[in-house]
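Chemist: Next comes data_19.txt, compact mmCIF, C-alpha atoms and all ligand atoms:
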# COMPACT_ATOMS: atom_id res chain seq x y z
CA MET A 198 97.53 88.32 82.62
CA PRO A 199 95.50 87.95 85.86
CA GLY A 200 92.50 85.68 86.25
CA LEU A 201 89.06 86.15 87.80
CA PHE A 202 90.28 85.33 91.29
CA ASP A 203 93.37 87.51 91.25
CA SER A 204 93.13 90.69 93.28
CA PHE A 205 92.79 94.08 91.62
CA THR A 206 94.30 97.22 93.08
CA ILE A 207 93.08 100.62 92.01
CA LYS A 208 94.16 103.71 93.92
CA SER A 209 94.33 102.65 97.60
CA ILE A 210 91.70 99.92 97.23
CA THR A 211 92.32 96.23 96.57
CA LEU A 212 89.45 93.99 95.48
CA ARG A 213 89.96 90.35 96.56
CA ASN A 214 88.82 89.17 93.12
CA ARG A 215 87.50 90.57 89.82
CA ILE A 216 83.84 89.76 90.52
CA GLY A 217 81.52 92.67 91.22
CA VAL A 218 77.80 92.97 91.89
CA SER A 219 76.39 95.32 89.27
CA PRO A 220 74.23 98.15 90.63
CA MET A 221 70.57 97.08 90.72
CA CYS A 222 67.65 99.24 91.80
CA GLN A 223 65.52 97.55 94.45
CA TYR A 224 62.69 100.15 94.55
CA VAL A 225 61.96 99.53 98.23
CA SER A 226 63.16 102.72 99.94
CA ASN A 227 60.96 105.13 101.81
CA ASP A 228 62.02 108.75 101.21
CA GLY A 229 65.26 107.34 99.81
CA MET A 230 66.19 105.57 103.07
CA ALA A 231 67.99 102.22 103.04
CA THR A 232 66.24 99.41 104.91
CA ASP A 233 66.92 95.94 106.31
CA TRP A 234 66.24 94.68 102.78
CA HIS A 235 69.35 96.47 101.53
CA LEU A 236 71.45 95.12 104.38
CA VAL A 237 70.43 91.54 103.63
CA HIS A 238 70.45 91.93 99.83
CA LEU A 239 73.91 93.52 99.66
CA GLY A 240 75.29 91.83 102.78
CA SER A 241 74.52 88.34 101.51
CA ARG A 242 76.47 89.06 98.35
CA ALA A 243 79.47 90.08 100.47
CA VAL A 244 79.18 86.77 102.34
CA GLY A 245 78.84 85.18 98.90
CA GLY A 246 82.39 86.25 98.03
CA ALA A 247 82.13 89.14 95.54
CA GLY A 248 85.10 91.48 95.54
CA LEU A 249 83.02 94.60 94.88
CA ILE A 250 79.40 95.37 95.65
CA ILE A 251 77.95 98.44 93.97
CA ALA A 252 74.73 99.62 95.57
CA GLU A 253 71.90 100.62 93.28
CA ALA A 254 71.36 103.94 91.49
CA THR A 255 71.01 106.37 94.38
CA ALA A 256 69.32 109.67 93.64
CA VAL A 257 71.14 112.90 94.44
CA GLU A 258 67.85 114.79 94.68
CA PRO A 259 64.21 113.64 95.01
CA ARG A 260 63.45 114.78 91.42
CA GLY A 261 66.18 112.40 90.22
CA ARG A 262 64.49 109.20 91.45
CA ILE A 263 63.18 106.80 88.82
CA SER A 264 60.29 105.80 91.08
CA PRO A 265 58.99 107.19 94.39
CA THR A 266 60.66 104.28 96.25
CA ASP A 267 64.20 104.68 94.86
CA ALA A 268 67.24 104.96 97.10
CA GLY A 269 68.52 108.47 97.82
CA LEU A 270 71.38 110.42 99.35
CA TRP A 271 70.05 113.96 99.23
CA SER A 272 70.19 114.53 103.01
CA ASP A 273 72.45 113.71 105.94
CA GLU A 274 69.68 111.49 107.35
CA HIS A 275 70.41 108.95 104.62
CA ILE A 276 73.97 108.39 105.88
CA GLY A 277 73.27 106.31 109.05
CA PRO A 278 71.39 103.36 107.48
CA LEU A 279 73.97 103.18 104.67
CA ALA A 280 76.86 103.17 107.15
CA ARG A 281 75.42 100.01 108.72
CA ILE A 282 75.55 98.33 105.32
CA THR A 283 79.07 99.47 104.37
CA SER A 284 80.36 98.30 107.73
CA PHE A 285 78.89 94.81 107.22
CA ILE A 286 80.19 94.54 103.65
CA SER A 287 83.70 95.67 104.64
CA LYS A 288 83.78 93.26 107.59
CA HIS A 289 83.20 90.39 105.17
CA GLY A 290 86.01 91.26 102.80
CA SER A 291 84.13 93.03 100.00
CA VAL A 292 84.54 96.64 98.95
CA PRO A 293 81.34 98.69 99.33
CA GLY A 294 80.52 100.84 96.31
CA LEU A 295 77.63 103.13 95.48
CA GLN A 296 76.22 104.47 92.24
CA LEU A 297 75.12 108.12 92.26
CA ALA A 298 72.31 108.91 89.86
CA HIS A 299 69.80 111.34 88.48
CA ALA A 300 67.07 109.85 86.31
CA GLY A 301 66.35 113.04 84.30
CA ARG A 302 63.48 112.50 81.84
CA LYS A 303 63.06 108.85 82.95
CA ALA A 304 62.13 109.96 86.50
CA SER A 305 58.67 110.00 88.07
CA ALA A 306 57.74 106.50 86.96
CA ALA A 307 55.94 103.50 88.41
CA ARG A 308 58.11 100.62 89.61
CA PRO A 309 58.88 98.04 86.87
CA TRP A 310 56.54 95.44 88.36
CA GLU A 311 53.80 98.09 88.58
CA GLY A 312 53.94 99.09 84.93
CA ASP A 313 57.04 101.28 84.40
CA HIS A 314 54.91 104.19 83.15
CA SER A 315 55.12 107.92 83.87
CA LEU A 316 53.29 108.91 87.05
CA LYS A 317 50.98 111.90 87.09
CA GLU A 318 51.26 114.31 90.03
CA GLU A 319 48.08 112.88 91.61
CA GLU A 320 49.66 109.40 91.47
CA GLY A 321 52.73 110.57 93.40
CA GLY A 322 54.71 111.79 90.37
CA TRP A 323 56.59 115.06 89.91
CA GLU A 324 57.96 117.44 87.28
CA THR A 325 61.03 115.99 85.54
CA VAL A 326 64.05 117.82 84.12
CA ALA A 327 66.28 117.11 81.11
CA PRO A 328 68.55 118.84 78.60
CA SER A 329 65.59 119.36 76.24
CA ALA A 330 61.81 119.29 76.62
CA LEU A 331 61.46 115.90 74.89
CA ALA A 332 59.65 112.92 76.39
CA PHE A 333 61.49 109.56 76.42
CA GLY A 334 58.49 108.05 74.65
CA ASP A 335 56.35 104.93 74.86
CA LYS A 336 55.11 104.51 78.45
CA LEU A 337 57.34 107.35 79.68
CA TRP A 338 55.18 110.05 78.13
CA LYS A 339 56.04 112.88 80.54
CA ILE A 340 57.58 115.95 78.87
CA PRO A 341 60.47 117.18 81.02
CA LYS A 342 61.32 120.80 81.73
CA GLU A 343 64.38 122.00 79.78
CA MET A 344 67.08 122.73 82.34
CA THR A 345 68.36 126.28 82.73
CA ILE A 346 72.05 126.92 83.42
CA GLN A 347 71.08 127.46 87.06
CA ASP A 348 69.29 124.07 87.11
CA ILE A 349 72.45 122.46 85.73
CA MET A 350 74.62 124.04 88.40
CA ASP A 351 72.18 123.04 91.15
CA VAL A 352 72.09 119.39 90.07
CA GLN A 353 75.89 119.28 89.84
CA GLU A 354 76.07 120.68 93.36
CA SER A 355 73.68 117.91 94.50
CA PHE A 356 76.04 115.29 92.99
CA ALA A 357 78.97 116.79 94.91
CA LEU A 358 77.05 116.90 98.21
CA ALA A 359 75.87 113.30 97.75
CA ALA A 360 79.43 112.16 96.97
CA ARG A 361 80.62 113.69 100.25
CA ARG A 362 77.83 111.87 102.09
CA ALA A 363 78.74 108.58 100.38
CA TRP A 364 82.25 108.95 101.77
CA GLN A 365 80.84 109.74 105.24
CA ALA A 366 78.73 106.57 105.00
CA GLY A 367 81.89 104.49 104.51
CA TYR A 368 81.81 103.79 100.78
CA LYS A 369 85.21 103.08 99.26
CA TRP A 370 84.16 103.07 95.60
CA LEU A 371 81.90 105.54 93.85
CA GLU A 372 80.32 105.31 90.42
CA LEU A 373 78.64 108.11 88.48
CA HIS A 374 75.64 106.70 86.62
CA ALA A 375 76.01 108.22 83.16
CA ALA A 376 74.23 105.44 81.22
CA HIS A 377 70.80 104.02 80.34
CA GLY A 378 69.06 107.22 79.22
CA TYR A 379 69.24 108.95 82.59
CA LEU A 380 70.32 112.56 83.00
CA CYS A 381 74.03 112.39 82.01
CA HIS A 382 73.39 110.08 79.06
CA SER A 383 70.51 112.27 77.89
CA PHE A 384 72.96 115.19 77.72
CA TYR A 385 75.62 113.41 75.64
CA SER A 386 73.23 111.57 73.30
CA PRO A 387 72.04 113.55 70.26
CA ILE A 388 68.69 111.73 70.53
CA SER A 389 67.72 113.58 73.69
CA ASN A 390 69.84 116.74 73.60
CA LYS A 391 68.70 119.45 71.17
CA ARG A 392 70.20 122.41 73.05
CA THR A 393 71.94 125.24 71.25
CA ASP A 394 73.97 126.58 74.22
CA GLN A 395 77.33 125.31 75.57
CA TYR A 396 75.64 122.05 76.73
CA GLY A 397 74.36 120.99 73.29
CA GLY A 398 75.34 120.63 69.64
CA SER A 399 78.97 119.53 69.24
CA LEU A 400 80.36 116.39 70.90
CA GLU A 401 82.39 118.62 73.20
CA ASN A 402 79.26 120.48 74.29
CA ARG A 403 77.11 117.36 74.73
CA CYS A 404 79.81 115.75 76.93
CA ARG A 405 80.20 118.90 79.05
CA PHE A 406 77.50 118.11 81.63
CA THR A 407 78.87 114.63 82.41
CA VAL A 408 82.52 115.69 82.45
CA GLU A 409 81.82 118.71 84.67
CA THR A 410 79.71 116.61 87.02
CA LEU A 411 82.49 114.03 87.30
CA ALA A 412 84.97 116.81 88.06
CA ARG A 413 82.68 118.20 90.78
CA ILE A 414 82.50 114.74 92.37
CA ARG A 415 86.25 114.21 92.07
CA ALA A 416 86.86 117.49 93.92
CA VAL A 417 85.12 116.14 97.05
CA TRP A 418 85.66 112.37 96.70
CA PRO A 419 89.03 111.43 98.26
CA ASN A 420 91.77 111.19 95.67
CA GLU A 421 93.01 107.86 97.04
CA LEU A 422 89.60 106.21 96.44
CA PRO A 423 88.44 104.93 93.04
CA LEU A 424 85.89 106.88 91.05
CA ALA A 425 84.15 105.05 88.19
CA VAL A 426 81.66 106.14 85.53
CA ARG A 427 79.08 103.90 83.87
CA ILE A 428 78.39 104.99 80.32
CA SER A 429 76.16 103.73 77.53
CA CYS A 430 78.72 102.97 74.82
CA SER A 431 76.11 102.97 72.04
CA ASP A 432 72.50 104.04 71.64
CA TRP A 433 72.02 101.15 69.19
CA VAL A 434 69.89 103.45 67.02
CA GLU A 435 70.48 105.21 63.71
CA GLY A 436 71.69 108.77 64.33
CA GLY A 437 72.36 108.05 68.01
CA TRP A 438 75.45 107.99 70.24
CA THR A 439 78.30 105.79 68.96
CA MET A 440 81.25 103.76 70.19
CA ASP A 441 83.72 106.24 68.64
CA GLU A 442 82.10 109.03 70.63
CA SER A 443 82.33 106.85 73.76
CA ILE A 444 86.09 106.65 73.33
CA GLU A 445 86.23 110.46 73.19
CA LEU A 446 84.00 110.74 76.26
CA ALA A 447 86.12 108.19 78.16
CA ARG A 448 89.27 110.23 77.35
CA LYS A 449 87.64 113.37 78.73
CA LEU A 450 86.45 111.53 81.84
CA LYS A 451 89.93 110.14 82.42
CA ASP A 452 91.36 113.67 82.19
CA ALA A 453 88.71 114.86 84.67
CA GLY A 454 89.76 112.22 87.22
CA ALA A 455 87.85 109.01 86.44
CA ASP A 456 89.73 105.82 87.36
CA LEU A 457 87.53 103.25 85.61
CA ILE A 458 84.89 103.16 82.88
CA ASP A 459 82.01 100.72 83.44
CA CYS A 460 80.91 99.86 79.91
CA SER A 461 77.19 99.35 79.43
CA SER A 462 75.01 100.48 76.53
CA GLY A 463 71.58 101.53 75.36
CA PHE A 464 68.29 102.35 77.10
CA GLY A 465 68.33 105.96 75.87
CA SER A 466 65.26 105.34 73.72
CA PRO A 467 62.35 102.86 73.94
CA ASP A 468 63.90 100.73 71.18
CA HIS A 469 65.32 97.92 73.40
CA ARG A 470 63.96 95.06 71.36
CA LYS A 471 66.61 95.52 68.65
CA TYR A 472 69.64 95.02 70.93
CA PRO A 473 71.94 92.09 70.10
CA PHE A 474 71.52 90.45 73.52
CA GLY A 475 73.70 87.36 74.02
CA PRO A 476 76.47 86.09 76.30
CA GLY A 477 79.00 88.88 76.95
CA TRP A 478 77.26 91.14 74.43
CA GLN A 479 78.93 94.31 75.74
CA VAL A 480 82.46 92.95 76.26
CA HIS A 481 83.75 94.52 73.05
CA PHE A 482 83.00 97.96 74.51
CA SER A 483 85.16 97.47 77.60
CA GLU A 484 87.89 95.91 75.48
CA ALA A 485 88.02 98.87 73.06
CA ILE A 486 87.93 101.57 75.74
CA ARG A 487 90.60 99.79 77.79
CA ARG A 488 92.84 99.52 74.71
CA GLU A 489 92.23 102.97 73.18
CA VAL A 490 92.01 105.11 76.32
CA ARG A 491 94.37 103.12 78.55
CA ILE A 492 92.03 103.23 81.49
CA ALA A 493 90.70 100.40 83.65
CA THR A 494 87.30 99.07 82.56
CA ALA A 495 84.45 96.94 83.84
CA SER A 496 82.41 94.68 81.61
CA VAL A 497 78.75 93.89 82.25
CA GLY A 498 75.92 92.14 80.48
CA LEU A 499 75.06 88.43 80.40
CA ILE A 500 78.23 87.32 82.13
CA THR A 501 76.99 84.17 83.84
CA ASP A 502 79.63 81.48 83.48
CA PRO A 503 82.89 81.27 85.51
CA VAL A 504 84.99 80.19 82.52
CA GLN A 505 83.52 83.03 80.43
CA ALA A 506 84.21 85.60 83.19
CA ASN A 507 87.74 84.30 83.68
CA GLU A 508 88.43 84.57 79.94
CA ILE A 509 87.26 88.21 79.86
CA ILE A 510 89.83 89.07 82.53
CA SER A 511 92.68 86.84 81.38
CA SER A 512 92.45 88.05 77.78
CA GLY A 513 92.61 91.69 78.88
CA LYS A 514 89.10 92.64 77.77
CA ALA A 515 88.26 94.17 81.17
CA ASP A 516 89.77 94.62 84.63
CA ILE A 517 86.63 93.52 86.46
CA THR A 518 83.42 91.71 85.57
CA LEU A 519 80.08 92.90 86.94
CA LEU A 520 77.19 90.48 87.29
CA GLY A 521 73.58 91.60 87.55
CA ARG A 522 70.75 89.11 87.25
CA GLU A 523 73.00 86.08 87.81
CA MET A 524 73.78 87.55 91.25
CA LEU A 525 70.03 87.88 91.91
CA ARG A 526 69.69 84.17 91.13
CA ASP A 527 72.67 83.20 93.23
CA PRO A 528 74.44 85.44 95.77
CA TYR A 529 76.99 82.63 96.17
CA TRP A 530 78.00 82.67 92.51
CA PRO A 531 81.64 83.46 93.46
CA HIS A 532 81.76 80.33 95.66
CA ARG A 533 80.54 78.22 92.76
CA ALA A 534 82.93 79.95 90.35
CA ALA A 535 85.85 79.24 92.69
CA LYS A 536 85.03 75.54 92.61
CA VAL A 537 84.82 75.51 88.81
CA LEU A 538 88.13 77.36 88.49
CA ASN A 539 89.88 75.29 91.19
CA VAL A 540 90.40 78.23 93.53
CA ASP A 541 90.67 77.67 97.28
CA LEU A 542 87.29 78.65 98.75
CA LYS A 543 88.96 79.77 101.97
CA SER A 544 90.11 82.90 100.14
CA ILE A 545 86.52 84.12 99.80
CA ALA A 546 84.11 82.20 102.01
CA PRO A 547 83.63 83.37 105.61
CA ALA A 548 85.05 81.05 108.26
CA PRO A 549 81.69 79.60 109.43
CA TYR A 550 81.15 78.39 105.84
CA ALA A 551 84.69 77.84 104.56
CA HIS A 552 85.51 75.18 107.12
CA TRP A 553 82.71 72.98 105.78
CA ILE A 554 82.52 73.45 102.04
C1 LIG B 601 66.62 94.66 88.87
C2 LIG B 601 67.65 95.45 88.11
C3 LIG B 601 67.96 96.73 88.51
C4 LIG B 601 68.94 97.47 87.83
N1 LIG B 601 69.31 98.70 88.31
C5 LIG B 601 70.38 99.32 87.79
C6 LIG B 601 70.93 100.46 88.42
O1 LIG B 601 70.50 100.88 89.50
N2 LIG B 601 71.98 101.07 87.81
C7 LIG B 601 72.53 100.58 86.66
O2 LIG B 601 73.49 101.18 86.14
N3 LIG B 601 72.06 99.47 86.07
C8 LIG B 601 71.03 98.83 86.64
N4 LIG B 601 70.61 97.64 86.11
C9 LIG B 601 71.41 97.03 85.01
C10 LIG B 601 72.44 96.06 85.61
O3 LIG B 601 73.35 96.73 86.46
C11 LIG B 601 73.22 95.34 84.51
O4 LIG B 601 73.95 96.29 83.78
C12 LIG B 601 72.28 94.59 83.57
O5 LIG B 601 71.33 93.84 84.29
C13 LIG B 601 73.07 93.65 82.64
O6 LIG B 601 73.78 92.71 83.39
P1 LIG B 601 73.23 91.18 83.58
O7 LIG B 601 73.01 90.64 82.19
O8 LIG B 601 74.35 90.50 84.33
O9 LIG B 601 71.97 91.25 84.38
C14 LIG B 601 69.60 96.91 86.72
C15 LIG B 601 69.25 95.62 86.30
C16 LIG B 601 68.30 94.88 86.99
C17 LIG B 601 68.00 93.48 86.54
For this file, produce the structure as structure tokens.
Ligand SMILES: Cc1cc2nc3c(=O)[nH]c(=O)nc-3n(C[C@H](O)[C@H](O)[C@H](O)COP(=O)(O)O)c2cc1C
Modeler:
Amino acid sequence: MPGLFDSFTIKSITLRNRIGVSPMCQYVSNDGMATDWHLVHLGSRAVGGAGLIIAEATAVEPRGRISPTDAGLWSDEHIGPLARITSFISKHGSVPGLQLAHAGRKASAARPWEGDHSLKEEEGGWETVAPSALAFGDKLWKIPKEMTIQDIMDVQESFALAARRAWQAGYKWLELHAAHGYLCHSFYSPISNKRTDQYGGSLENRCRFTVETLARIRAVWPNELPLAVRISCSDWVEGGWTMDESIELARKLKDAGADLIDCSSGFGSPDHRKYPFGPGWQVHFSEAIRREVRIATASVGLITDPVQANEIISSGKADITLLGREMLRDPYWPHRAAKVLNVDLKSIAPAPYAHWI
């Protein structure tokens, strides 16, 4: 079995190690445009030695932003600033990835540090869309418009166009955001989908939107490049989406062309307080999907310790580990992990650093 610092090849792409930066919204874009902040934020984590850097949830249409200052890829104008970032990341040995997203009924909200609540139109908010006209609840009180079949087709087209632009911007890894209560998840979870047409009801019907969207992306995203999907493996609520259903969804996504399942969970309802947070609390999801579906997986969630991350890989519970908040604390986490695991720093640190440390 490989360890954390062994390379990982998937399609034509080889990651130098099994450490990835999990996608994390920065909420500092203007009209969806990437800025110097993104170059420094993502670039420093490439210098820090991560094998994969997945840029934040990037909206495929303005309506799909969580907040007014989310990143976007709904026009060709977004490509240039992103290309600058992918070029820097690639030059420093990391693989640049991007997460494509649509926030659905969780869109049109204030930034987390400004309250996280639904924004009225006069506060810069907009009409949201979802499988059913049901508000998320709590501070996200906005009732979304139930999507028509035409709306569904239009959003899927936006995903395909954004995927093409991501490729033009130099990304080598693409992830469909189908977790955390956003549009895809709200279609497959029975909590948020009460439709009676071909997009609601049975498991097959609830999965249809996500599987079709993945297939639309796969049709334009080069076949030799990896395509991942982040799913919420459980709603953690009575009567909600389950792990068994996740295995079925992962099978369908694999058949539709997914190369890796990024296994997260929850955030489809305001009930977060009940989650069993703890070190590696979502590892069992990536382990089960990897074993049952025979597809590569990523594990995420309170992975903070090099020995812990190495064990996840070496025991076959995931193919890569993704770190979120620990990478915010320390962009050089891979350098520190290499020291702990007795790996030669020269394999990941850039020459102006490696010579000295
Ligand atoms: C500031 C911040 C922004 C986030 N934005 C995203 C996002 O854009 N897409 C996503 O799938 N998850 C997002 N997440 C979740 C993380 O990717 C990750 O799954 C979560 O933080 C758990 O990992 P951790 O315990 O290592 O932080 C975000 C988390 C944080 C802290």
Chemist: Restricting the calculation to only C-alpha atoms and all ligand atoms: of A:Val257, A:Ala327, A:Val490, A:Ala252, which residue gets closest to ligand LIG 601 (chain B)?
Modeler: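 Looking at the shortest contact to ligand LIG 601 (chain B), the residue is A:Ala252.
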Chemist: Would you compute the distance between atom C2 of ligand LIG 601 (chain B) and CA of Glu508 (chain A)? Give it in Å to one decimal.
Modeler: 24.8 Å
Chemist: Around ligand LIG 601 (chain B), which protein and nucleic acid residues have at least one atom no more than 9 Å from it, if we count all atoms listed in the file? List them as a PyMOL selection string.
Modeler: chain A and resi 218-224+251-255+296-298+309+373-377+427-428+459-462+474-478+496-501+519-525
Chemist: What lies within 10 Å of region 232-248 of chain A using only C-alpha atoms, ignoring chain neighbours under 4 positions off, as a ChimeraX atom specification?
Modeler: /A:202,204-205,211-218,223,225-227,252-253,268,278-279,281-293,517,519-520,524-525,527-535,542,544-547,550
Chemist: What would the file look like if the residues just selected were written as an mmCIF file, in the frame of the given file with C-alpha atoms?
Modeler:
data_model
loop_
_atom_site.group_PDB
_atom_site.id
_atom_site.type_symbol
_atom_site.label_atom_id
_atom_site.label_comp_id
_atom_site.auth_asym_id
_atom_site.auth_seq_id
_atom_site.Cartn_x
_atom_site.Cartn_y
_atom_site.Cartn_z
ATOM 1 C CA PHE A 202 90.280 85.330 91.290
ATOM 2 C CA SER A 204 93.130 90.690 93.280
ATOM 3 C CA PHE A 205 92.790 94.080 91.620
ATOM 4 C CA THR A 211 92.320 96.230 96.570
ATOM 5 C CA LEU A 212 89.450 93.990 95.480
ATOM 6 C CA ARG A 213 89.960 90.350 96.560
ATOM 7 C CA ASN A 214 88.820 89.170 93.120
ATOM 8 C CA ARG A 215 87.500 90.570 89.820
ATOM 9 C CA ILE A 216 83.840 89.760 90.520
ATOM 10 C CA GLY A 217 81.520 92.670 91.220
ATOM 11 C CA VAL A 218 77.800 92.970 91.890
ATOM 12 C CA GLN A 223 65.520 97.550 94.450
ATOM 13 C CA VAL A 225 61.960 99.530 98.230
ATOM 14 C CA SER A 226 63.160 102.720 99.940
ATOM 15 C CA ASN A 227 60.960 105.130 101.810
ATOM 16 C CA ALA A 252 74.730 99.620 95.570
ATOM 17 C CA GLU A 253 71.900 100.620 93.280
ATOM 18 C CA ALA A 268 67.240 104.960 97.100
ATOM 19 C CA PRO A 278 71.390 103.360 107.480
ATOM 20 C CA LEU A 279 73.970 103.180 104.670
ATOM 21 C CA ARG A 281 75.420 100.010 108.720
ATOM 22 C CA ILE A 282 75.550 98.330 105.320
ATOM 23 C CA THR A 283 79.070 99.470 104.370
ATOM 24 C CA SER A 284 80.360 98.300 107.730
ATOM 25 C CA PHE A 285 78.890 94.810 107.220
ATOM 26 C CA ILE A 286 80.190 94.540 103.650
ATOM 27 C CA SER A 287 83.700 95.670 104.640
ATOM 28 C CA LYS A 288 83.780 93.260 107.590
ATOM 29 C CA HIS A 289 83.200 90.390 105.170
ATOM 30 C CA GLY A 290 86.010 91.260 102.800
ATOM 31 C CA SER A 291 84.130 93.030 100.000
ATOM 32 C CA VAL A 292 84.540 96.640 98.950
ATOM 33 C CA PRO A 293 81.340 98.690 99.330
ATOM 34 C CA ILE A 517 86.630 93.520 86.460
ATOM 35 C CA LEU A 519 80.080 92.900 86.940
ATOM 36 C CA LEU A 520 77.190 90.480 87.290
ATOM 37 C CA MET A 524 73.780 87.550 91.250
ATOM 38 C CA LEU A 525 70.030 87.880 91.910
ATOM 39 C CA ASP A 527 72.670 83.200 93.230
ATOM 40 C CA PRO A 528 74.440 85.440 95.770
ATOM 41 C CA TYR A 529 76.990 82.630 96.170
ATOM 42 C CA TRP A 530 78.000 82.670 92.510
ATOM 43 C CA PRO A 531 81.640 83.460 93.460
ATOM 44 C CA HIS A 532 81.760 80.330 95.660
ATOM 45 C CA ARG A 533 80.540 78.220 92.760
ATOM 46 C CA ALA A 534 82.930 79.950 90.350
ATOM 47 C CA ALA A 535 85.850 79.240 92.690
ATOM 48 C CA LEU A 542 87.290 78.650 98.750
ATOM 49 C CA SER A 544 90.110 82.900 100.140
ATOM 50 C CA ILE A 545 86.520 84.120 99.800
ATOM 51 C CA ALA A 546 84.110 82.200 102.010
ATOM 52 C CA PRO A 547 83.630 83.370 105.610
ATOM 53 C CA TYR A 550 81.150 78.390 105.840
#
Chemist: With a distance cut-off of 8 Å and only C-alpha atoms, select the neighbouring residues of Arg405 (chain A), excluding the residue or stretch itself and same-chain residues fewer than 6 positions from it, and output the selection as a PDB file with C-alpha atoms, keeping the file's coordinate frame.
Modeler:
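Saved to around_16.pdb:
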ATOM      1  CA  TYR A 385      75.620 113.410  75.640  1.00  0.00           C
ATOM      2  CA  GLN A 395      77.330 125.310  75.570  1.00  0.00           C
ATOM      3  CA  TYR A 396      75.640 122.050  76.730  1.00  0.00           C
TER       4      TYR A 396
END
Chemist: Is there a way to get, as a list in words, all residues within 10 Å of the point (87.5, 108.2, 84.6) in file coordinates, counting all atoms listed in the file?
Modeler: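 It turns out the residues near that spot are Glu372, Leu373, Val408, Leu411, Ala412, Arg415, Pro423, Leu424, Ala425, Val426, Arg427, Leu446, Ala447, Arg448, Lys449, Leu450, Lys451, Asp452, Ala453, Gly454, Ala455, Asp456, Leu457, Ile458, Asp459, Val490, Ile492, Ala493 and Thr494 of chain A.
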Chemist: Grab the CA of Phe384 (chain A) to CA of Ser329 (chain A) distance for me, in Å with one decimal place.
Modeler: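 Those two atoms sit 8.6 Å apart.
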Chemist: Could you list, as a list in words, every residue within 10 Å of Asp335 (chain A), counting only C-alpha atoms and ignoring same-chain residues fewer than 6 positions away?
Modeler: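 Final neighbour list, sorted by chain and number: His314, Ser315, Ser466, Pro467 and Asp468 of chain A.
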Chemist: Measuring between only C-alpha atoms, which one of A:Arg308, A:Lys369, A:Arg470, A:Arg262 shows the shortest distance to Leu295 (chain A)?
Modeler: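 Among A:Arg308, A:Lys369, A:Arg470, A:Arg262, it is A:Lys369 that comes nearest to Leu295 (chain A).
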Chemist: Show me, as an MDAnalysis selection string, the residues that have an atom within 9 Å of Asp228 (chain A) when counting all atoms listed in the file, minus same-chain residues fewer than 6 positions from it.
Modeler: chainID A and resid 259 265:269
Chemist: Got a sec to check which residues sit within 12 Å of (84.1, 106.4, 67.3), counting only C-alpha atoms, and write them as a list of chain:residue names?
Modeler: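 Returned residue set, sorted by chain then number, is A:Leu400, A:Cys430, A:Ser431, A:Gly437, A:Trp438, A:Thr439, A:Met440, A:Asp441, A:Glu442, A:Ser443, A:Ile444, A:Glu445, A:Leu446, A:Ala447, A:Arg448, A:Phe482, A:Ala485, A:Ile486, A:Glu489.
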Chemist: For His382 (chain A), which residue among A:Glu311, A:Glu320, A:Glu258, A:Asp432 is the nearest when counting all atoms listed in the file?
Modeler: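 Among the listed residues, A:Asp432 lies closest to His382 (chain A).
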Chemist: Pick the closest to Ser389 (chain A) from A:Thr407, A:Ala330, A:Phe356, A:Leu422: which is it, counting all atoms listed in the file?
Modeler: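 The shortest atom-to-atom distance to Ser389 (chain A) comes from A:Ala330.
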Chemist: Could you check the closest approach to Phe333 (chain A) for each of A:Leu201, A:Ala515, A:Leu380, A:Ala363 and tell me which residue wins, using all atoms listed in the file?
Modeler: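 The answer is A:Leu380, which sits nearest to Phe333 (chain A).
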Chemist: Mind checking which residues fall within 10 Å of Ser511 (chain A), counting all atoms listed in the file, ignoring those fewer than 2 positions away in the same chain, and posting them as a PyMOL selection string?
Modeler: chain A and resi 198-201+203+505-509+513-516
